[in-house]
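Asks: Input file: target18.cif. Contents: mmCIF, C-alpha atoms.
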data_protein
#
loop_
_atom_site.label_atom_id
_atom_site.label_comp_id
_atom_site.auth_asym_id
_atom_site.auth_seq_id
_atom_site.Cartn_x
_atom_site.Cartn_y
_atom_site.Cartn_z
CA MET A 15 26.78 151.61 95.68
CA VAL A 16 27.87 149.65 98.72
CA TYR A 17 27.84 145.86 98.68
CA MET A 18 27.77 143.74 101.83
CA ARG A 19 28.53 140.06 102.07
CA ASP A 20 25.63 137.83 103.18
CA ASP A 21 27.83 134.78 103.50
CA THR A 22 31.16 133.74 102.08
CA THR A 23 30.01 133.86 98.45
CA THR A 24 27.02 136.20 98.13
CA PHE A 25 27.20 139.99 97.96
CA ARG A 26 24.16 142.23 97.73
CA PRO A 27 23.81 145.95 97.04
CA ARG A 28 22.80 148.19 99.93
CA ASN A 29 20.67 151.31 99.92
CA PHE A 30 22.96 154.36 100.35
CA PRO A 31 21.18 157.60 99.37
CA ASP A 32 24.30 159.72 100.01
CA GLY A 33 26.54 157.32 98.12
CA ALA A 34 26.83 159.36 94.92
CA GLN A 35 28.26 162.34 96.78
CA THR A 36 30.32 160.50 99.41
CA MET A 37 33.93 159.62 98.74
CA PRO A 38 34.87 156.67 101.00
CA LEU A 39 38.09 157.29 102.93
CA ARG A 40 37.99 154.32 105.32
CA ILE A 41 35.74 151.30 105.84
CA LEU A 42 35.80 149.16 108.98
CA GLU A 43 33.81 146.11 109.97
CA SER A 44 32.67 145.37 113.52
CA GLU A 45 30.25 142.66 114.57
CA GLY A 46 29.05 142.32 110.97
CA ALA A 47 28.24 146.02 110.55
CA LEU A 48 30.19 148.21 108.14
CA TYR A 49 31.36 151.67 109.17
CA LEU A 50 32.10 153.99 106.28
CA PHE A 51 34.11 157.17 106.88
CA GLY A 52 33.36 159.47 103.96
CA TYR A 53 33.94 162.92 102.58
CA ASP A 54 30.81 164.64 101.29
CA THR A 55 31.97 166.09 97.97
CA VAL A 56 28.89 168.30 97.58
CA ARG A 57 28.75 169.85 101.04
CA ASN A 58 32.55 170.21 101.32
CA ILE A 59 33.49 172.52 98.49
CA PRO A 60 37.17 171.81 97.72
CA SER A 61 39.48 174.65 98.74
CA GLY A 62 40.20 177.08 95.96
CA ARG A 63 36.68 177.30 94.54
CA ASP A 64 35.10 179.52 97.17
CA PRO A 65 36.91 179.63 100.50
CA ASN A 66 33.86 181.18 102.17
CA LEU A 67 31.88 177.98 101.61
CA VAL A 68 34.43 175.36 102.69
CA ARG A 69 33.09 173.13 105.45
CA GLU A 70 35.49 170.26 105.73
CA GLY A 71 34.59 167.31 107.83
CA ILE A 72 34.07 163.58 107.73
CA ASP A 73 30.76 161.77 107.95
CA ILE A 74 30.55 158.29 109.46
CA TYR A 75 27.82 155.86 108.38
CA ARG A 76 26.88 152.52 109.94
CA PHE A 77 25.45 149.85 107.64
CA ASP A 78 23.39 147.26 109.52
CA PRO A 79 24.43 143.69 108.69
CA VAL A 80 20.82 142.47 108.39
CA SER A 81 18.57 145.35 107.37
CA ASP A 82 18.37 146.76 103.85
CA ALA A 83 17.51 150.19 105.30
CA ALA A 84 19.69 153.16 104.51
CA PRO A 85 22.73 153.43 106.78
CA VAL A 86 22.60 155.46 109.97
CA ARG A 87 24.75 158.57 109.94
CA VAL A 88 26.73 158.20 113.18
CA ALA A 89 28.59 161.51 112.80
CA GLU A 90 28.38 164.45 110.43
CA GLY A 91 31.13 166.93 109.68
CA LEU A 92 33.53 165.45 112.24
CA ALA A 93 36.65 167.66 112.26
CA LEU A 94 39.06 165.00 110.99
CA GLY A 95 40.29 166.99 108.02
CA GLY A 96 39.23 166.57 104.46
CA LEU A 97 39.59 164.73 101.22
CA ASP A 98 43.34 164.18 101.40
CA ASN A 99 43.67 163.03 105.02
CA LEU A 100 44.36 159.50 106.18
CA ILE A 101 41.91 158.36 108.85
CA HIS A 102 43.03 155.99 111.59
CA ALA A 103 40.09 154.40 113.36
CA ARG A 104 38.72 151.47 115.28
CA VAL A 105 35.28 150.29 116.32
CA GLN A 106 34.71 148.40 119.56
CA GLY A 107 31.07 147.49 120.07
CA GLU A 108 29.31 150.78 119.35
CA VAL A 109 32.26 152.99 120.36
CA ILE A 110 34.23 154.56 117.51
CA THR A 111 37.67 156.07 117.98
CA ALA A 112 39.04 158.06 115.07
CA CYS A 113 42.21 160.10 114.52
CA ALA A 114 43.36 162.18 111.56
CA VAL A 115 45.71 165.08 110.93
CA ASP A 116 46.40 166.15 114.54
CA ARG A 117 43.27 165.22 116.51
CA CYS A 118 41.34 162.25 117.85
CA PHE A 119 37.72 161.72 118.83
CA THR A 120 35.73 159.09 120.66
CA LEU A 121 32.13 158.65 119.56
CA VAL A 122 29.63 156.97 121.85
CA PRO A 123 25.98 156.73 120.70
CA GLY A 124 23.83 159.49 122.19
CA ILE A 125 26.79 161.61 123.37
CA SER A 126 28.60 164.42 121.56
CA PRO A 127 32.00 163.39 120.17
CA ALA A 128 34.72 163.66 122.83
CA THR A 129 37.93 165.35 121.69
CA TRP A 130 41.18 163.83 122.95
CA ASP A 131 43.94 165.89 124.53
CA ALA A 132 46.37 166.81 121.75
CA THR A 133 48.32 169.64 123.36
CA ALA A 134 51.64 167.78 123.23
CA ILE A 135 51.40 167.08 119.51
CA SER A 136 50.81 170.69 118.45
CA GLY A 137 52.74 171.38 115.25
CA SER A 138 52.73 167.69 114.27
CA GLU A 139 50.52 165.42 112.20
CA PHE A 140 49.82 161.69 112.27
CA VAL A 141 51.73 159.28 110.08
CA ASP A 142 50.43 156.15 111.82
CA VAL A 143 48.20 155.48 114.83
CA GLN A 144 47.81 152.23 116.75
CA PHE A 145 45.17 151.87 119.44
CA GLU A 146 45.72 150.10 122.74
CA GLY A 147 42.95 150.11 125.35
CA ASP A 148 41.75 153.69 125.88
CA GLU A 149 44.94 155.13 124.43
CA ALA A 150 46.69 155.46 121.11
CA TRP A 151 50.33 155.44 120.15
CA ALA A 152 51.17 157.62 117.20
CA LEU A 153 54.03 158.11 114.84
CA LEU A 154 54.04 161.83 114.08
CA ARG A 155 55.93 164.11 111.75
CA SER A 156 56.34 167.83 111.89
CA LYS A 157 53.71 169.64 109.88
CA VAL A 158 55.00 170.76 106.54
CA ASP A 159 54.40 174.20 105.10
CA ARG A 160 52.31 172.70 102.23
CA ILE A 161 54.27 174.75 99.70
CA THR A 162 57.77 173.28 99.65
CA GLY A 163 56.93 170.10 101.55
CA ASN A 164 59.61 170.90 104.12
CA PRO A 165 59.02 170.74 107.88
CA LEU A 166 58.56 174.05 109.63
CA PRO A 167 61.93 175.48 110.77
CA GLY A 168 63.32 174.11 114.04
CA ALA A 169 60.86 171.24 114.31
CA PRO A 170 62.01 167.64 114.78
CA ASN A 171 61.33 165.39 111.81
CA TYR A 172 59.54 162.52 113.60
CA LEU A 173 58.09 161.94 117.05
CA VAL A 174 56.37 159.12 118.89
CA GLY A 175 53.32 160.21 120.83
CA ARG A 176 50.96 158.75 123.38
CA LEU A 177 47.41 160.07 123.44
CA SER A 178 44.15 159.55 125.24
CA ALA A 179 41.09 161.59 126.13
CA THR A 180 43.00 163.18 129.00
CA ILE A 181 46.76 163.00 128.29
CA SER A 182 49.23 163.54 125.48
CA SER A 183 52.99 163.26 125.42
CA VAL A 184 55.67 163.03 122.75
CA GLN A 185 59.28 162.01 122.36
CA ALA A 186 61.39 163.21 119.45
CA LEU A 187 63.20 160.56 117.42
CA PRO A 188 66.79 161.02 116.21
CA GLU A 189 67.04 163.43 113.29
CA ASP A 190 68.54 160.82 110.96
CA CYS A 191 65.73 158.34 111.70
CA VAL A 192 63.02 157.41 109.20
CA PRO A 193 60.65 155.21 111.22
CA HIS A 194 58.02 152.82 109.94
CA ALA A 195 55.70 150.04 111.13
CA LEU A 196 54.55 151.38 114.47
CA LEU A 197 53.85 148.33 116.65
CA VAL A 198 52.08 148.41 120.01
#
Translate this structure into structure tokens?
Replies:
Amino acid sequence: MVYMRDDTTTFRPRNFPDGAQTMPLRILESEGALYLFGYDTVRNIPSGRDPNLVREGIDIYRFDPVSDAAPVRVAEGLALGGLDNLIHARVQGEVITACAVDRCFTLVPGISPATWDATAISGSEFVDVQFEGDEAWALLRSKVDRITGNPLPGAPNYLVGRLSATISSVQALPEDCVPHALLV
């Protein structure tokens, strides 16, 4: 069940037919509307059960601030990873920008999602992303092997990257550095 605030003191339940099977990963508010980034736990069979059926992806829903109608599914199965991935996103007007794992997308109503250039960050994954204009600055770490938790051999520990729909670049940080609080 999703509740939206009518005013400063009143909350009311909202119709969300997919709510029982959607695990919320991120919720943003823009111009009174709520945007819910969710993982469909029925459609996305967790890895290990039947790898032939896995279809990871994130769905994005927009809840209208006035109407009690079911939310509009803005995106379905967006390749932003799965259940255990942190989603970095922003909403400006009706334009949604979302990044997770090692990719970013821009979603504009009526147009297929646009994938950002991520060639420079190959082998890395997002720790933090801050948006500025049509670009994003990212704190990245080398992808780990998911078994030992160690970075892949020869890879720098942390990088700072700059991304947009058309460019990507990175700069390695000193090996003894443990950065935090990316500010743009």
Asks: In Å, how far is it from atom CA of A:Leu97 to atom CA of A:Cys118?
Replies: 16.9 Å
Asks: Quick one: of A:Gln35, A:Asn29, A:Gln106, A:Ser156, who's nearest to A:Leu187, counting all atoms listed in the file?
Replies: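 For A:Leu187, the nearest of the given residues is A:Ser156.
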Asks: Of the candidates A:Leu48, A:Ala186, A:Ala103, A:Val16, which shows the shortest atom-to-atom distance to A:Ala34, using only C-alpha atoms?
Replies: A:Val16
Asks: For a quick check of understanding, using only C-alpha atoms, which of A:Trp151, A:Phe140, A:Phe30, A:Trp130 has the smallest distance to A:Ser178?
Replies: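 Smallest separation from A:Ser178 among the options: A:Trp130.
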Asks: Which residues are near A:Val143? Cut-off 9 Å, all atoms listed in the file, ignore same chain within fewer than 3 positions. Put them as a CSV table (one decimal) with C-alpha atoms, in the coordinates of the input.
Replies:
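The result, written out as around.csv:
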chain,number,residue,atom,x,y,z
A,102,HIS,CA,43.0,156.0,111.6
A,103,ALA,CA,40.1,154.4,113.4
A,113,CYS,CA,42.2,160.1,114.5
A,114,ALA,CA,43.4,162.2,111.6
A,140,PHE,CA,49.8,161.7,112.3
A,150,ALA,CA,46.7,155.5,121.1
A,151,TRP,CA,50.3,155.4,120.2
A,152,ALA,CA,51.2,157.6,117.2
A,153,LEU,CA,54.0,158.1,114.8
A,154,LEU,CA,54.0,161.8,114.1
A,196,LEU,CA,54.6,151.4,114.5
Asks: Restricting the calculation to only C-alpha atoms: of A:Ala89, A:Ala112, A:Val192, A:Arg28, which residue gets closest to A:Ile125?
Replies: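 Between A:Ala89, A:Ala112, A:Val192, A:Arg28, the residue approaching A:Ile125 most closely is A:Ala89.
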Asks: Which residues fall under the PyMOL selection byres ((chain A and resi 80) around 10) in this file, as a PDB file with C-alpha atoms, keeping the file's coordinate frame?
Replies:
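This is the output file part25.pdb:
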ATOM      1  CA  MET A  18      27.770 143.740 101.830  1.00  0.00           C
ATOM      2  CA  ASP A  20      25.630 137.830 103.180  1.00  0.00           C
ATOM      3  CA  GLY A  46      29.050 142.320 110.970  1.00  0.00           C
ATOM      4  CA  ALA A  47      28.240 146.020 110.550  1.00  0.00           C
ATOM      5  CA  PHE A  77      25.450 149.850 107.640  1.00  0.00           C
ATOM      6  CA  ASP A  78      23.390 147.260 109.520  1.00  0.00           C
ATOM      7  CA  PRO A  79      24.430 143.690 108.690  1.00  0.00           C
ATOM      8  CA  SER A  81      18.570 145.350 107.370  1.00  0.00           C
ATOM      9  CA  ASP A  82      18.370 146.760 103.850  1.00  0.00           C
ATOM     10  CA  ALA A  83      17.510 150.190 105.300  1.00  0.00           C
TER      11      ALA A  83
END
Asks: Excluding A:Asn171 and residues on its chain fewer than 4 positions from it, collect all residues at most 12 Å away from it, counting all atoms listed in the file, and give them as a PyMOL selection string.
Replies: chain A and resi 137-139+141+153-158+164-167+185-193
Asks: Provide the atom CA of A:Leu39 to atom CA of A:Phe25 distance in Å, to one decimal place.
Replies: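 So the answer is 21.0 Å.
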Asks: Record the distance separating atom CA of A:Ile181 and atom CA of A:Ala134, expressed in Å with one decimal.
Replies: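 Here the two named atoms are 8.5 Å from each other.
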Asks: Since I can't run it myself right now, could you work out what the PyMOL selection byres ((chain A and resi 36-38) around 7) selects here and report it as a VMD selection string?
Replies: chain A and resid 32 to 35 39 to 40 50 to 55
Asks: Which one of A:Gly71, A:Gly147, A:Ser44, A:Leu100 sits closest to A:Val56 if you count only C-alpha atoms?
Replies: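 Once distances to A:Val56 are computed over only C-alpha atoms, the minimum belongs to A:Gly71.
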Asks: At a cut-off of 8 Å, using all atoms listed in the file, what residues contact A:Arg117? Leave out same-chain residues fewer than 6 positions from it and give the result as a list in words.
Replies: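 Close residues of A:Arg117: Leu94, Thr129, Trp130 and Ala132 of chain A.
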Asks: Name the residues captured by the PyMOL selection byres ((chain A and resi 85) around 6) when it is applied to the shown file; answer as an NGL selection string.
Replies: :A and (75-77 or 84 or 86)
Asks: Nearest residue to A:Val109 out of A:Ala195, A:Ala93, A:Val184, A:Val88, using only C-alpha atoms?
Replies: A:Val88
Asks: Reconstruct all heavy atoms of stretch 44-55 of chain A; output as a short mmCIF file (atom, residue, chain, number, x, y, z; two decimals), in the frame of the given file.
Replies:
data_model
loop_
_atom_site.label_atom_id
_atom_site.label_comp_id
_atom_site.auth_asym_id
_atom_site.auth_seq_id
_atom_site.Cartn_x
_atom_site.Cartn_y
_atom_site.Cartn_z
N SER A 44 32.73 145.75 112.11
CA SER A 44 32.67 145.37 113.52
C SER A 44 31.35 144.67 113.76
O SER A 44 30.28 145.23 113.48
CB SER A 44 32.78 146.59 114.42
OG SER A 44 32.66 146.22 115.78
N GLU A 45 31.43 143.46 114.25
CA GLU A 45 30.25 142.66 114.57
C GLU A 45 29.29 142.58 113.38
O GLU A 45 28.08 142.67 113.52
CB GLU A 45 29.56 143.20 115.81
CG GLU A 45 30.45 143.16 117.04
CD GLU A 45 29.84 143.82 118.26
OE1 GLU A 45 28.65 144.20 118.23
OE2 GLU A 45 30.57 143.94 119.26
N GLY A 46 29.85 142.46 112.18
CA GLY A 46 29.05 142.32 110.97
C GLY A 46 28.62 143.63 110.34
O GLY A 46 28.25 143.67 109.18
N ALA A 47 28.63 144.71 111.10
CA ALA A 47 28.24 146.02 110.55
C ALA A 47 29.43 146.67 109.86
O ALA A 47 30.58 146.45 110.25
CB ALA A 47 27.73 146.92 111.66
N LEU A 48 29.15 147.44 108.82
CA LEU A 48 30.19 148.21 108.14
C LEU A 48 30.11 149.66 108.60
O LEU A 48 29.02 150.22 108.73
CB LEU A 48 30.00 148.18 106.62
CG LEU A 48 30.32 146.90 105.90
CD1 LEU A 48 30.13 147.08 104.40
CD2 LEU A 48 31.73 146.43 106.19
N TYR A 49 31.27 150.25 108.82
CA TYR A 49 31.36 151.67 109.17
C TYR A 49 32.13 152.34 108.05
O TYR A 49 33.27 152.00 107.78
CB TYR A 49 32.07 151.86 110.51
CG TYR A 49 31.24 151.38 111.66
CD1 TYR A 49 31.22 150.04 112.02
CD2 TYR A 49 30.44 152.27 112.39
CE1 TYR A 49 30.44 149.59 113.08
CE2 TYR A 49 29.66 151.83 113.45
CZ TYR A 49 29.67 150.49 113.78
OH TYR A 49 28.90 150.04 114.83
N LEU A 50 31.49 153.29 107.39
CA LEU A 50 32.10 153.99 106.28
C LEU A 50 32.40 155.42 106.71
O LEU A 50 31.51 156.14 107.16
CB LEU A 50 31.16 154.00 105.08
CG LEU A 50 31.70 154.61 103.79
CD1 LEU A 50 31.18 153.83 102.60
CD2 LEU A 50 31.32 156.07 103.65
N PHE A 51 33.67 155.81 106.60
CA PHE A 51 34.11 157.17 106.88
C PHE A 51 34.20 157.85 105.51
O PHE A 51 35.00 157.42 104.68
CB PHE A 51 35.47 157.18 107.56
CG PHE A 51 35.48 156.55 108.93
CD1 PHE A 51 35.32 155.18 109.09
CD2 PHE A 51 35.64 157.34 110.05
CE1 PHE A 51 35.33 154.60 110.35
CE2 PHE A 51 35.65 156.76 111.32
CZ PHE A 51 35.49 155.40 111.47
N GLY A 52 33.41 158.89 105.29
CA GLY A 52 33.36 159.47 103.96
C GLY A 52 33.42 160.98 103.96
O GLY A 52 33.10 161.65 104.94
N TYR A 53 33.84 161.48 102.84
CA TYR A 53 33.94 162.92 102.58
C TYR A 53 32.80 163.30 101.66
O TYR A 53 32.69 162.76 100.55
CB TYR A 53 35.30 163.21 101.94
CG TYR A 53 35.57 164.65 101.64
CD1 TYR A 53 36.08 165.49 102.61
CD2 TYR A 53 35.33 165.17 100.37
CE1 TYR A 53 36.36 166.82 102.35
CE2 TYR A 53 35.60 166.51 100.09
CZ TYR A 53 36.11 167.32 101.08
OH TYR A 53 36.38 168.63 100.81
N ASP A 54 31.95 164.19 102.10
CA ASP A 54 30.81 164.64 101.29
C ASP A 54 31.31 165.66 100.27
O ASP A 54 31.63 166.80 100.61
CB ASP A 54 29.74 165.26 102.20
CG ASP A 54 28.47 165.62 101.45
OD1 ASP A 54 28.56 166.11 100.31
OD2 ASP A 54 27.38 165.41 102.02
N THR A 55 31.38 165.25 99.02
CA THR A 55 31.97 166.09 97.97
C THR A 55 31.06 167.24 97.53
O THR A 55 31.51 168.15 96.85
CB THR A 55 32.34 165.25 96.74
OG1 THR A 55 31.17 164.61 96.25
CG2 THR A 55 33.40 164.23 97.09
#
